[in-house]
Every structure is written in C-alpha cells, then in structure tokens.
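Asker: This is the structure I have questions about; it appears just below.
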2 protein chains.
Amino acid sequence: MSDFRYAVNVLPKPGILDPQGRAVEQSLPHLHVTSVSSVRVGRRVELTVSADSEAAALAVVDGLAKELLSNPLIESYELELLEATSSAASK
Amino acid sequence: MSDFRYAVNVLPKPGILDPQGRAVEQSLPHLHVTSVSSVRVGRRVELTVSADSEAAALAVVDGLAKELLSNPLIESYELELLEATSSAASK
C-alpha cells in the first residue's frame, strides 16, 4: 500500500457566472492594481488516498471529484498528483 | 508586455480548523470510501497579469495573494505559473 497526495482543482466552467471572481476584479482598483484581469475563483481540495497503485488511487480521487467535490453542471475539475509515498513494511 | 496566467492556491495552515475538510471527511463513509484521509479544503484563484517580465508579474500576484486573496493569520498560499504568452506587436 502506498499513500498518494492529490489536489483537486475545481473552477467554474467558462461562461458560467463567477461572482467571487467579479468581486475580486472589482476590488482591484482600490488596491491600485490595473494589470490583472480574467479572475476566476474556485476551490482546491487536497487529500491523501491509500491504494495499491497510482491508477487505483486516481480512480478513487476522480470518483470523489465527480460525485462530491464538484458540481459537473457548472464546474470543471483537474487532478494533480502532489506526492506518492510507499507505506512501510508491506509483507 | 506579456500576459502571465497564475494560480494562487490558498489553504488553511496546519493546525487551523478546517470545517469544510471535516465535512468532506464525514461524508466519505456514505459514499463507501474508506481509503481517503487528511482532507483540506481551500481556494484556487486563477488570474492573468500583464507585465514586462515574469518577475514583475510575480510581484503583483504575490502582493494580491497576501493582501486580498488570503488571510495570512490562518491561511498559507502558493503561486503557480500556468502560462506565459507574449502580447502581439510590442514596438
């Protein structure tokens, strides 16, 4: 068994309203920042999966991303493998 | 001038309570998932900066991450360069 640390990046799909992104954009002038645009705000979930292989771990994370961590109607997600560590003493 | 697309990943610092992470962990048994642990939920902000150099763009993003996009008392952030595209016809 190994431990796999994944990140799930969830962002509003293109064309979907993003009120948090708009809020950030509207506060930029108050900070005298004029060079920033196209702000999108989403979620980042980091989690550890115990699995026999990277493929098995990926399947678990992908299932969670789809069913629990994102709303497929309005959000898209990307998976990112952060770290893989083999657990001690597999016999 | 070039356009730099950055991601700012904001996560609760270690030791800081993470109610959203706990909520995800508590819903795992209902999905019959037992191999997932150490869930942390944060934000991911993607934005585009126009700047003369990557260093200048990074400085802008770092300032925003510190002042607007994270709460340094309870959150840490990481910056990720996603894409750099030079704007057309700089004369």
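Lettering and numbering for the structure tokens are positional, with chains as A, B, ... in the shown order, residues counted from 1 in each chain, and ligands counted from 1 in the shown order.
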Can you list, as a list in words, every protein, DNA or RNA residue that comes within 10 Å of Thr34 in chain A when you count only C-alpha atoms, leaving out same-chain residues fewer than 3 positions away?
Answerer: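 These residues fall inside the cut-off: Glu25, Leu28, Pro29, His30, Leu31 and Ser37 of chain A; Val49 and Ser50 of chain B.
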Asker: Restricting it to N, CA, C and O atoms, dump the selection as a tab-separated table (two decimals), in the first residue's frame.
Answerer:
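Final output, result02.tsv:
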```tsv
chain	number	residue	atom	x	y	z
A	25	GLU	N	-12.20	41.20	-8.97
A	25	GLU	CA	-11.89	42.19	-10.02
A	25	GLU	C	-12.31	43.59	-9.61
A	25	GLU	O	-11.62	44.57	-9.86
A	28	LEU	N	-9.89	45.37	-7.23
A	28	LEU	CA	-8.53	45.67	-7.70
A	28	LEU	C	-8.23	47.17	-7.78
A	28	LEU	O	-7.15	47.60	-7.35
A	29	PRO	N	-9.16	47.98	-8.32
A	29	PRO	CA	-8.85	49.42	-8.40
A	29	PRO	C	-8.56	50.04	-7.03
A	29	PRO	O	-7.73	50.94	-6.92
A	30	HIS	N	-9.22	49.54	-5.99
A	30	HIS	CA	-8.97	50.08	-4.64
A	30	HIS	C	-7.56	49.79	-4.18
A	30	HIS	O	-7.03	50.47	-3.30
A	31	LEU	N	-6.97	48.74	-4.74
A	31	LEU	CA	-5.58	48.40	-4.39
A	31	LEU	C	-4.61	48.97	-5.43
A	31	LEU	O	-3.43	48.65	-5.41
A	37	SER	N	-6.53	40.74	-14.82
A	37	SER	CA	-7.83	40.51	-15.45
A	37	SER	C	-8.17	39.03	-15.44
A	37	SER	O	-7.35	38.20	-15.01
B	49	VAL	N	-2.04	38.43	-15.46
B	49	VAL	CA	-1.34	39.69	-15.20
B	49	VAL	C	-0.61	40.11	-16.47
B	49	VAL	O	0.08	39.30	-17.09
B	50	SER	N	-0.75	41.37	-16.84
B	50	SER	CA	0.06	41.95	-17.91
B	50	SER	C	1.26	42.62	-17.30
B	50	SER	O	1.11	43.48	-16.42
```
Asker: Can you give me chain B superposed onto chain A, least-squares on all Cα in order, written as a PDB file with N, CA and C atoms, in the first residue's frame?
Answerer:
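Listing of result-v6.pdb after writing:
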```pdb
ATOM      1  N   MET B   1       0.823  -1.219  -0.006  1.00  0.00           N
ATOM      2  CA  MET B   1      -0.020  -0.010  -0.022  1.00  0.00           C
ATOM      3  C   MET B   1       0.847   1.250  -0.034  1.00  0.00           C
ATOM      4  N   SER B   2       0.450   2.207  -0.792  1.00  0.00           N
ATOM      5  CA  SER B   2       1.137   3.496  -0.812  1.00  0.00           C
ATOM      6  C   SER B   2       0.145   4.611  -0.529  1.00  0.00           C
ATOM      7  N   ASP B   3       0.693   5.735  -0.112  1.00  0.00           N
ATOM      8  CA  ASP B   3      -0.132   6.920   0.101  1.00  0.00           C
ATOM      9  C   ASP B   3       0.095   7.900  -1.030  1.00  0.00           C
ATOM     10  N   PHE B   4      -0.987   8.359  -1.601  1.00  0.00           N
ATOM     11  CA  PHE B   4      -0.908   9.323  -2.688  1.00  0.00           C
ATOM     12  C   PHE B   4      -1.612  10.600  -2.256  1.00  0.00           C
ATOM     13  N   ARG B   5      -0.889  11.716  -2.342  1.00  0.00           N
ATOM     14  CA  ARG B   5      -1.480  13.005  -2.005  1.00  0.00           C
ATOM     15  C   ARG B   5      -1.897  13.688  -3.293  1.00  0.00           C
ATOM     16  N   TYR B   6      -3.182  13.953  -3.402  1.00  0.00           N
ATOM     17  CA  TYR B   6      -3.711  14.598  -4.607  1.00  0.00           C
ATOM     18  C   TYR B   6      -4.291  15.963  -4.287  1.00  0.00           C
ATOM     19  N   ALA B   7      -4.298  16.826  -5.300  1.00  0.00           N
ATOM     20  CA  ALA B   7      -5.070  18.068  -5.230  1.00  0.00           C
ATOM     21  C   ALA B   7      -6.154  17.996  -6.291  1.00  0.00           C
ATOM     22  N   VAL B   8      -7.342  18.432  -5.931  1.00  0.00           N
ATOM     23  CA  VAL B   8      -8.442  18.554  -6.876  1.00  0.00           C
ATOM     24  C   VAL B   8      -8.728  20.040  -7.033  1.00  0.00           C
ATOM     25  N   ASN B   9      -8.513  20.561  -8.235  1.00  0.00           N
ATOM     26  CA  ASN B   9      -8.760  21.976  -8.505  1.00  0.00           C
ATOM     27  C   ASN B   9     -10.110  22.115  -9.202  1.00  0.00           C
ATOM     28  N   VAL B  10     -11.033  22.795  -8.554  1.00  0.00           N
ATOM     29  CA  VAL B  10     -12.392  22.939  -9.077  1.00  0.00           C
ATOM     30  C   VAL B  10     -12.605  24.401  -9.468  1.00  0.00           C
ATOM     31  N   LEU B  11     -12.996  24.641 -10.703  1.00  0.00           N
ATOM     32  CA  LEU B  11     -13.214  26.014 -11.165  1.00  0.00           C
ATOM     33  C   LEU B  11     -14.532  26.107 -11.919  1.00  0.00           C
ATOM     34  N   PRO B  12     -15.177  27.284 -11.862  1.00  0.00           N
ATOM     35  CA  PRO B  12     -16.396  27.461 -12.652  1.00  0.00           C
ATOM     36  C   PRO B  12     -16.078  27.283 -14.142  1.00  0.00           C
ATOM     37  N   LYS B  13     -16.973  26.605 -14.859  1.00  0.00           N
ATOM     38  CA  LYS B  13     -16.747  26.426 -16.297  1.00  0.00           C
ATOM     39  C   LYS B  13     -16.758  27.772 -17.018  1.00  0.00           C
ATOM     40  N   PRO B  14     -16.068  27.845 -18.167  1.00  0.00           N
ATOM     41  CA  PRO B  14     -16.108  29.088 -18.954  1.00  0.00           C
ATOM     42  C   PRO B  14     -17.548  29.454 -19.281  1.00  0.00           C
ATOM     43  N   GLY B  15     -17.874  30.709 -19.143  1.00  0.00           N
ATOM     44  CA  GLY B  15     -19.225  31.159 -19.461  1.00  0.00           C
ATOM     45  C   GLY B  15     -20.158  31.148 -18.273  1.00  0.00           C
ATOM     46  N   ILE B  16     -19.790  30.400 -17.231  1.00  0.00           N
ATOM     47  CA  ILE B  16     -20.609  30.365 -16.017  1.00  0.00           C
ATOM     48  C   ILE B  16     -20.272  31.583 -15.161  1.00  0.00           C
ATOM     49  N   LEU B  17     -21.294  32.244 -14.645  1.00  0.00           N
ATOM     50  CA  LEU B  17     -21.079  33.410 -13.789  1.00  0.00           C
ATOM     51  C   LEU B  17     -20.210  33.052 -12.594  1.00  0.00           C
ATOM     52  N   ASP B  18     -19.316  33.941 -12.246  1.00  0.00           N
ATOM     53  CA  ASP B  18     -18.392  33.698 -11.147  1.00  0.00           C
ATOM     54  C   ASP B  18     -18.378  34.929 -10.244  1.00  0.00           C
ATOM     55  N   PRO B  19     -19.358  35.006  -9.335  1.00  0.00           N
ATOM     56  CA  PRO B  19     -19.493  36.210  -8.502  1.00  0.00           C
ATOM     57  C   PRO B  19     -18.255  36.502  -7.666  1.00  0.00           C
ATOM     58  N   GLN B  20     -17.576  35.458  -7.173  1.00  0.00           N
ATOM     59  CA  GLN B  20     -16.373  35.700  -6.376  1.00  0.00           C
ATOM     60  C   GLN B  20     -15.260  36.298  -7.229  1.00  0.00           C
ATOM     61  N   GLY B  21     -15.156  35.805  -8.476  1.00  0.00           N
ATOM     62  CA  GLY B  21     -14.157  36.367  -9.383  1.00  0.00           C
ATOM     63  C   GLY B  21     -14.444  37.834  -9.686  1.00  0.00           C
ATOM     64  N   ARG B  22     -15.722  38.139  -9.901  1.00  0.00           N
ATOM     65  CA  ARG B  22     -16.108  39.532 -10.136  1.00  0.00           C
ATOM     66  C   ARG B  22     -15.792  40.406  -8.933  1.00  0.00           C
ATOM     67  N   ALA B  23     -16.045  39.877  -7.747  1.00  0.00           N
ATOM     68  CA  ALA B  23     -15.772  40.647  -6.530  1.00  0.00           C
ATOM     69  C   ALA B  23     -14.285  40.975  -6.419  1.00  0.00           C
ATOM     70  N   VAL B  24     -13.438  40.001  -6.747  1.00  0.00           N
ATOM     71  CA  VAL B  24     -11.998  40.270  -6.715  1.00  0.00           C
ATOM     72  C   VAL B  24     -11.655  41.350  -7.744  1.00  0.00           C
ATOM     73  N   GLU B  25     -12.182  41.204  -8.957  1.00  0.00           N
ATOM     74  CA  GLU B  25     -11.872  42.193 -10.006  1.00  0.00           C
ATOM     75  C   GLU B  25     -12.302  43.599  -9.592  1.00  0.00           C
ATOM     76  N   GLN B  26     -13.446  43.684  -8.940  1.00  0.00           N
ATOM     77  CA  GLN B  26     -13.954  44.998  -8.570  1.00  0.00           C
ATOM     78  C   GLN B  26     -13.180  45.632  -7.421  1.00  0.00           C
ATOM     79  N   SER B  27     -12.468  44.815  -6.677  1.00  0.00           N
ATOM     80  CA  SER B  27     -11.693  45.410  -5.584  1.00  0.00           C
ATOM     81  C   SER B  27     -10.270  45.766  -6.023  1.00  0.00           C
ATOM     82  N   LEU B  28      -9.883  45.360  -7.231  1.00  0.00           N
ATOM     83  CA  LEU B  28      -8.523  45.668  -7.688  1.00  0.00           C
ATOM     84  C   LEU B  28      -8.225  47.166  -7.759  1.00  0.00           C
ATOM     85  N   PRO B  29      -9.154  47.994  -8.306  1.00  0.00           N
ATOM     86  CA  PRO B  29      -8.847  49.433  -8.384  1.00  0.00           C
ATOM     87  C   PRO B  29      -8.556  50.050  -7.020  1.00  0.00           C
ATOM     88  N   HIS B  30      -9.228  49.547  -5.980  1.00  0.00           N
ATOM     89  CA  HIS B  30      -8.988  50.085  -4.642  1.00  0.00           C
ATOM     90  C   HIS B  30      -7.570  49.794  -4.173  1.00  0.00           C
ATOM     91  N   LEU B  31      -6.980  48.736  -4.733  1.00  0.00           N
ATOM     92  CA  LEU B  31      -5.590  48.409  -4.377  1.00  0.00           C
ATOM     93  C   LEU B  31      -4.619  48.982  -5.409  1.00  0.00           C
ATOM     94  N   HIS B  32      -5.126  49.813  -6.323  1.00  0.00           N
ATOM     95  CA  HIS B  32      -4.318  50.427  -7.372  1.00  0.00           C
ATOM     96  C   HIS B  32      -3.647  49.384  -8.264  1.00  0.00           C
ATOM     97  N   VAL B  33      -4.346  48.295  -8.490  1.00  0.00           N
ATOM     98  CA  VAL B  33      -3.846  47.258  -9.392  1.00  0.00           C
ATOM     99  C   VAL B  33      -4.653  47.332 -10.685  1.00  0.00           C
ATOM    100  N   THR B  34      -3.979  47.603 -11.798  1.00  0.00           N
ATOM    101  CA  THR B  34      -4.700  47.747 -13.071  1.00  0.00           C
ATOM    102  C   THR B  34      -4.291  46.688 -14.090  1.00  0.00           C
ATOM    103  N   SER B  35      -3.342  45.853 -13.741  1.00  0.00           N
ATOM    104  CA  SER B  35      -2.772  44.931 -14.730  1.00  0.00           C
ATOM    105  C   SER B  35      -3.330  43.515 -14.621  1.00  0.00           C
ATOM    106  N   VAL B  36      -4.346  43.338 -13.786  1.00  0.00           N
ATOM    107  CA  VAL B  36      -4.866  41.991 -13.546  1.00  0.00           C
ATOM    108  C   VAL B  36      -6.268  41.853 -14.140  1.00  0.00           C
ATOM    109  N   SER B  37      -6.526  40.736 -14.815  1.00  0.00           N
ATOM    110  CA  SER B  37      -7.829  40.507 -15.436  1.00  0.00           C
ATOM    111  C   SER B  37      -8.164  39.016 -15.417  1.00  0.00           C
ATOM    112  N   SER B  38      -9.364  38.706 -15.908  1.00  0.00           N
ATOM    113  CA  SER B  38      -9.795  37.297 -16.060  1.00  0.00           C
ATOM    114  C   SER B  38      -9.618  36.495 -14.774  1.00  0.00           C
ATOM    115  N   VAL B  39     -10.170  37.018 -13.702  1.00  0.00           N
ATOM    116  CA  VAL B  39     -10.049  36.347 -12.414  1.00  0.00           C
ATOM    117  C   VAL B  39     -11.152  35.302 -12.275  1.00  0.00           C
ATOM    118  N   ARG B  40     -10.770  34.091 -11.935  1.00  0.00           N
ATOM    119  CA  ARG B  40     -11.732  33.025 -11.659  1.00  0.00           C
ATOM    120  C   ARG B  40     -11.432  32.480 -10.276  1.00  0.00           C
ATOM    121  N   VAL B  41     -12.462  32.283  -9.485  1.00  0.00           N
ATOM    122  CA  VAL B  41     -12.262  31.769  -8.130  1.00  0.00           C
ATOM    123  C   VAL B  41     -12.925  30.406  -7.997  1.00  0.00           C
ATOM    124  N   GLY B  42     -12.166  29.437  -7.566  1.00  0.00           N
ATOM    125  CA  GLY B  42     -12.700  28.095  -7.365  1.00  0.00           C
ATOM    126  C   GLY B  42     -12.213  27.512  -6.055  1.00  0.00           C
ATOM    127  N   ARG B  43     -12.248  26.210  -5.974  1.00  0.00           N
ATOM    128  CA  ARG B  43     -11.815  25.526  -4.752  1.00  0.00           C
ATOM    129  C   ARG B  43     -10.598  24.658  -5.040  1.00  0.00           C
ATOM    130  N   ARG B  44      -9.829  24.437  -4.001  1.00  0.00           N
ATOM    131  CA  ARG B  44      -8.737  23.469  -4.079  1.00  0.00           C
ATOM    132  C   ARG B  44      -8.864  22.519  -2.901  1.00  0.00           C
ATOM    133  N   VAL B  45      -8.986  21.255  -3.191  1.00  0.00           N
ATOM    134  CA  VAL B  45      -9.116  20.240  -2.152  1.00  0.00           C
ATOM    135  C   VAL B  45      -7.880  19.347  -2.214  1.00  0.00           C
ATOM    136  N   GLU B  46      -7.204  19.199  -1.087  1.00  0.00           N
ATOM    137  CA  GLU B  46      -6.062  18.295  -1.032  1.00  0.00           C
ATOM    138  C   GLU B  46      -6.426  17.127  -0.132  1.00  0.00           C
ATOM    139  N   LEU B  47      -6.059  15.916  -0.571  1.00  0.00           N
ATOM    140  CA  LEU B  47      -6.423  14.727   0.204  1.00  0.00           C
ATOM    141  C   LEU B  47      -5.413  13.612  -0.038  1.00  0.00           C
ATOM    142  N   THR B  48      -5.395  12.665   0.882  1.00  0.00           N
ATOM    143  CA  THR B  48      -4.485  11.517   0.799  1.00  0.00           C
ATOM    144  C   THR B  48      -5.297  10.246   0.555  1.00  0.00           C
ATOM    145  N   VAL B  49      -4.871   9.456  -0.413  1.00  0.00           N
ATOM    146  CA  VAL B  49      -5.520   8.178  -0.704  1.00  0.00           C
ATOM    147  C   VAL B  49      -4.524   7.057  -0.456  1.00  0.00           C
ATOM    148  N   SER B  50      -4.957   6.028   0.249  1.00  0.00           N
ATOM    149  CA  SER B  50      -4.167   4.797   0.374  1.00  0.00           C
ATOM    150  C   SER B  50      -4.626   3.821  -0.686  1.00  0.00           C
ATOM    151  N   ALA B  51      -3.692   3.352  -1.503  1.00  0.00           N
ATOM    152  CA  ALA B  51      -4.081   2.436  -2.575  1.00  0.00           C
ATOM    153  C   ALA B  51      -2.879   1.599  -2.977  1.00  0.00           C
ATOM    154  N   ASP B  52      -3.156   0.526  -3.691  1.00  0.00           N
ATOM    155  CA  ASP B  52      -2.084  -0.373  -4.128  1.00  0.00           C
ATOM    156  C   ASP B  52      -1.292   0.215  -5.288  1.00  0.00           C
ATOM    157  N   SER B  53      -1.942   1.051  -6.083  1.00  0.00           N
ATOM    158  CA  SER B  53      -1.269   1.597  -7.263  1.00  0.00           C
ATOM    159  C   SER B  53      -1.755   3.007  -7.514  1.00  0.00           C
ATOM    160  N   GLU B  54      -0.990   3.735  -8.311  1.00  0.00           N
ATOM    161  CA  GLU B  54      -1.396   5.096  -8.645  1.00  0.00           C
ATOM    162  C   GLU B  54      -2.702   5.082  -9.417  1.00  0.00           C
ATOM    163  N   ALA B  55      -2.884   4.072 -10.277  1.00  0.00           N
ATOM    164  CA  ALA B  55      -4.124   3.993 -11.063  1.00  0.00           C
ATOM    165  C   ALA B  55      -5.334   3.826 -10.144  1.00  0.00           C
ATOM    166  N   ALA B  56      -5.188   2.976  -9.122  1.00  0.00           N
ATOM    167  CA  ALA B  56      -6.297   2.761  -8.193  1.00  0.00           C
ATOM    168  C   ALA B  56      -6.587   4.033  -7.407  1.00  0.00           C
ATOM    169  N   ALA B  57      -5.535   4.730  -6.980  1.00  0.00           N
ATOM    170  CA  ALA B  57      -5.723   5.972  -6.234  1.00  0.00           C
ATOM    171  C   ALA B  57      -6.420   7.020  -7.102  1.00  0.00           C
ATOM    172  N   LEU B  58      -5.970   7.117  -8.349  1.00  0.00           N
ATOM    173  CA  LEU B  58      -6.550   8.091  -9.272  1.00  0.00           C
ATOM    174  C   LEU B  58      -8.039   7.840  -9.476  1.00  0.00           C
ATOM    175  N   ALA B  59      -8.409   6.573  -9.555  1.00  0.00           N
ATOM    176  CA  ALA B  59      -9.819   6.234  -9.756  1.00  0.00           C
ATOM    177  C   ALA B  59     -10.662   6.707  -8.572  1.00  0.00           C
ATOM    178  N   VAL B  60     -10.137   6.531  -7.356  1.00  0.00           N
ATOM    179  CA  VAL B  60     -10.866   6.973  -6.162  1.00  0.00           C
ATOM    180  C   VAL B  60     -11.026   8.487  -6.167  1.00  0.00           C
ATOM    181  N   VAL B  61      -9.930   9.196  -6.441  1.00  0.00           N
ATOM    182  CA  VAL B  61      -9.976  10.659  -6.415  1.00  0.00           C
ATOM    183  C   VAL B  61     -10.905  11.184  -7.508  1.00  0.00           C
ATOM    184  N   ASP B  62     -10.828  10.570  -8.678  1.00  0.00           N
ATOM    185  CA  ASP B  62     -11.673  11.022  -9.776  1.00  0.00           C
ATOM    186  C   ASP B  62     -13.155  10.838  -9.437  1.00  0.00           C
ATOM    187  N   GLY B  63     -13.468   9.715  -8.803  1.00  0.00           N
ATOM    188  CA  GLY B  63     -14.853   9.481  -8.394  1.00  0.00           C
ATOM    189  C   GLY B  63     -15.325  10.525  -7.392  1.00  0.00           C
ATOM    190  N   LEU B  64     -14.481  10.825  -6.403  1.00  0.00           N
ATOM    191  CA  LEU B  64     -14.837  11.830  -5.397  1.00  0.00           C
ATOM    192  C   LEU B  64     -15.000  13.206  -6.030  1.00  0.00           C
ATOM    193  N   ALA B  65     -14.082  13.536  -6.937  1.00  0.00           N
ATOM    194  CA  ALA B  65     -14.141  14.852  -7.577  1.00  0.00           C
ATOM    195  C   ALA B  65     -15.463  15.015  -8.302  1.00  0.00           C
ATOM    196  N   LYS B  66     -15.903  13.941  -8.938  1.00  0.00           N
ATOM    197  CA  LYS B  66     -17.122  13.992  -9.738  1.00  0.00           C
ATOM    198  C   LYS B  66     -18.377  14.011  -8.869  1.00  0.00           C
ATOM    199  N   GLU B  67     -18.371  13.199  -7.802  1.00  0.00           N
ATOM    200  CA  GLU B  67     -19.607  13.001  -7.039  1.00  0.00           C
ATOM    201  C   GLU B  67     -19.759  13.932  -5.857  1.00  0.00           C
ATOM    202  N   LEU B  68     -18.625  14.340  -5.284  1.00  0.00           N
ATOM    203  CA  LEU B  68     -18.704  15.061  -4.011  1.00  0.00           C
ATOM    204  C   LEU B  68     -18.107  16.462  -4.081  1.00  0.00           C
ATOM    205  N   LEU B  69     -17.003  16.606  -4.806  1.00  0.00           N
ATOM    206  CA  LEU B  69     -16.230  17.843  -4.695  1.00  0.00           C
ATOM    207  C   LEU B  69     -16.554  18.880  -5.765  1.00  0.00           C
ATOM    208  N   SER B  70     -17.242  18.482  -6.811  1.00  0.00           N
ATOM    209  CA  SER B  70     -17.596  19.462  -7.837  1.00  0.00           C
ATOM    210  C   SER B  70     -19.041  19.271  -8.259  1.00  0.00           C
ATOM    211  N   ASN B  71     -19.594  20.286  -8.870  1.00  0.00           N
ATOM    212  CA  ASN B  71     -20.919  20.211  -9.486  1.00  0.00           C
ATOM    213  C   ASN B  71     -20.699  20.206 -10.999  1.00  0.00           C
ATOM    214  N   PRO B  72     -20.802  19.034 -11.633  1.00  0.00           N
ATOM    215  CA  PRO B  72     -20.413  18.910 -13.050  1.00  0.00           C
ATOM    216  C   PRO B  72     -21.223  19.809 -13.985  1.00  0.00           C
ATOM    217  N   LEU B  73     -22.372  20.281 -13.539  1.00  0.00           N
ATOM    218  CA  LEU B  73     -23.162  21.175 -14.393  1.00  0.00           C
ATOM    219  C   LEU B  73     -22.465  22.506 -14.605  1.00  0.00           C
ATOM    220  N   ILE B  74     -21.833  23.014 -13.572  1.00  0.00           N
ATOM    221  CA  ILE B  74     -21.295  24.369 -13.644  1.00  0.00           C
ATOM    222  C   ILE B  74     -19.805  24.452 -13.361  1.00  0.00           C
ATOM    223  N   GLU B  75     -19.202  23.322 -12.971  1.00  0.00           N
ATOM    224  CA  GLU B  75     -17.785  23.365 -12.601  1.00  0.00           C
ATOM    225  C   GLU B  75     -17.000  22.284 -13.335  1.00  0.00           C
ATOM    226  N   SER B  76     -15.744  22.582 -13.597  1.00  0.00           N
ATOM    227  CA  SER B  76     -14.837  21.553 -14.109  1.00  0.00           C
ATOM    228  C   SER B  76     -13.728  21.353 -13.085  1.00  0.00           C
ATOM    229  N   TYR B  77     -13.082  20.195 -13.157  1.00  0.00           N
ATOM    230  CA  TYR B  77     -12.011  19.944 -12.190  1.00  0.00           C
ATOM    231  C   TYR B  77     -10.791  19.353 -12.884  1.00  0.00           C
ATOM    232  N   GLU B  78      -9.649  19.540 -12.230  1.00  0.00           N
ATOM    233  CA  GLU B  78      -8.418  18.904 -12.669  1.00  0.00           C
ATOM    234  C   GLU B  78      -7.769  18.232 -11.468  1.00  0.00           C
ATOM    235  N   LEU B  79      -7.151  17.092 -11.714  1.00  0.00           N
ATOM    236  CA  LEU B  79      -6.467  16.371 -10.634  1.00  0.00           C
ATOM    237  C   LEU B  79      -4.964  16.577 -10.768  1.00  0.00           C
ATOM    238  N   GLU B  80      -4.317  16.661  -9.630  1.00  0.00           N
ATOM    239  CA  GLU B  80      -2.883  16.944  -9.597  1.00  0.00           C
ATOM    240  C   GLU B  80      -2.261  16.010  -8.564  1.00  0.00           C
ATOM    241  N   LEU B  81      -1.333  15.173  -8.977  1.00  0.00           N
ATOM    242  CA  LEU B  81      -0.645  14.306  -8.021  1.00  0.00           C
ATOM    243  C   LEU B  81       0.457  15.114  -7.354  1.00  0.00           C
ATOM    244  N   LEU B  82       0.383  15.249  -6.035  1.00  0.00           N
ATOM    245  CA  LEU B  82       1.353  16.068  -5.320  1.00  0.00           C
ATOM    246  C   LEU B  82       2.514  15.241  -4.792  1.00  0.00           C
ATOM    247  N   GLU B  83       2.225  14.027  -4.330  1.00  0.00           N
ATOM    248  CA  GLU B  83       3.263  13.245  -3.662  1.00  0.00           C
ATOM    249  C   GLU B  83       2.826  11.792  -3.579  1.00  0.00           C
ATOM    250  N   ALA B  84       3.774  10.886  -3.746  1.00  0.00           N
ATOM    251  CA  ALA B  84       3.485   9.467  -3.572  1.00  0.00           C
ATOM    252  C   ALA B  84       4.513   8.894  -2.616  1.00  0.00           C
ATOM    253  N   THR B  85       4.049   8.299  -1.516  1.00  0.00           N
ATOM    254  CA  THR B  85       4.975   7.709  -0.545  1.00  0.00           C
ATOM    255  C   THR B  85       4.529   6.289  -0.261  1.00  0.00           C
ATOM    256  N   SER B  86       5.458   5.361  -0.371  1.00  0.00           N
ATOM    257  CA  SER B  86       5.082   3.978  -0.074  1.00  0.00           C
ATOM    258  C   SER B  86       5.070   3.785   1.429  1.00  0.00           C
ATOM    259  N   SER B  87       4.022   3.178   1.933  1.00  0.00           N
ATOM    260  CA  SER B  87       3.925   2.901   3.360  1.00  0.00           C
ATOM    261  C   SER B  87       4.983   1.878   3.742  1.00  0.00           C
ATOM    262  N   ALA B  88       5.400   1.926   4.999  1.00  0.00           N
ATOM    263  CA  ALA B  88       6.450   1.022   5.465  1.00  0.00           C
ATOM    264  C   ALA B  88       5.976  -0.431   5.424  1.00  0.00           C
ATOM    265  N   ALA B  89       6.940  -1.344   5.407  1.00  0.00           N
ATOM    266  CA  ALA B  89       6.742  -2.772   5.681  1.00  0.00           C
ATOM    267  C   ALA B  89       5.485  -3.385   5.079  1.00  0.00           C
ATOM    268  N   SER B  90       5.414  -3.446   3.772  1.00  0.00           N
ATOM    269  CA  SER B  90       4.328  -4.232   3.181  1.00  0.00           C
ATOM    270  C   SER B  90       4.816  -5.670   3.064  1.00  0.00           C
ATOM    271  N   LYS B  91       4.090  -6.581   3.664  1.00  0.00           N
ATOM    272  CA  LYS B  91       4.579  -7.970   3.635  1.00  0.00           C
ATOM    273  C   LYS B  91       3.597  -8.855   2.902  1.00  0.00           C
TER     274      LYS B  91
END
```
Asker: DSSP on the backbone, strand (DSSP E) only: what residues of chain B does that give? Format it as JSON, numbers by chain.
Answerer: {"B": [2, 3, 4, 5, 6, 7, 8, 9, 10, 11, 12, 36, 37, 38, 39, 40, 41, 42, 43, 44, 45, 46, 47, 48, 49, 50, 51, 75, 76, 77, 78, 79, 80, 81, 82, 83, 84, 85, 86]}
Asker: Pick out each residue of range 38-74 of chain A that DSSP on the backbone tags as alpha helix (DSSP H); I need them as a PyMOL selection string.
Answerer: chain A and resi 54-64
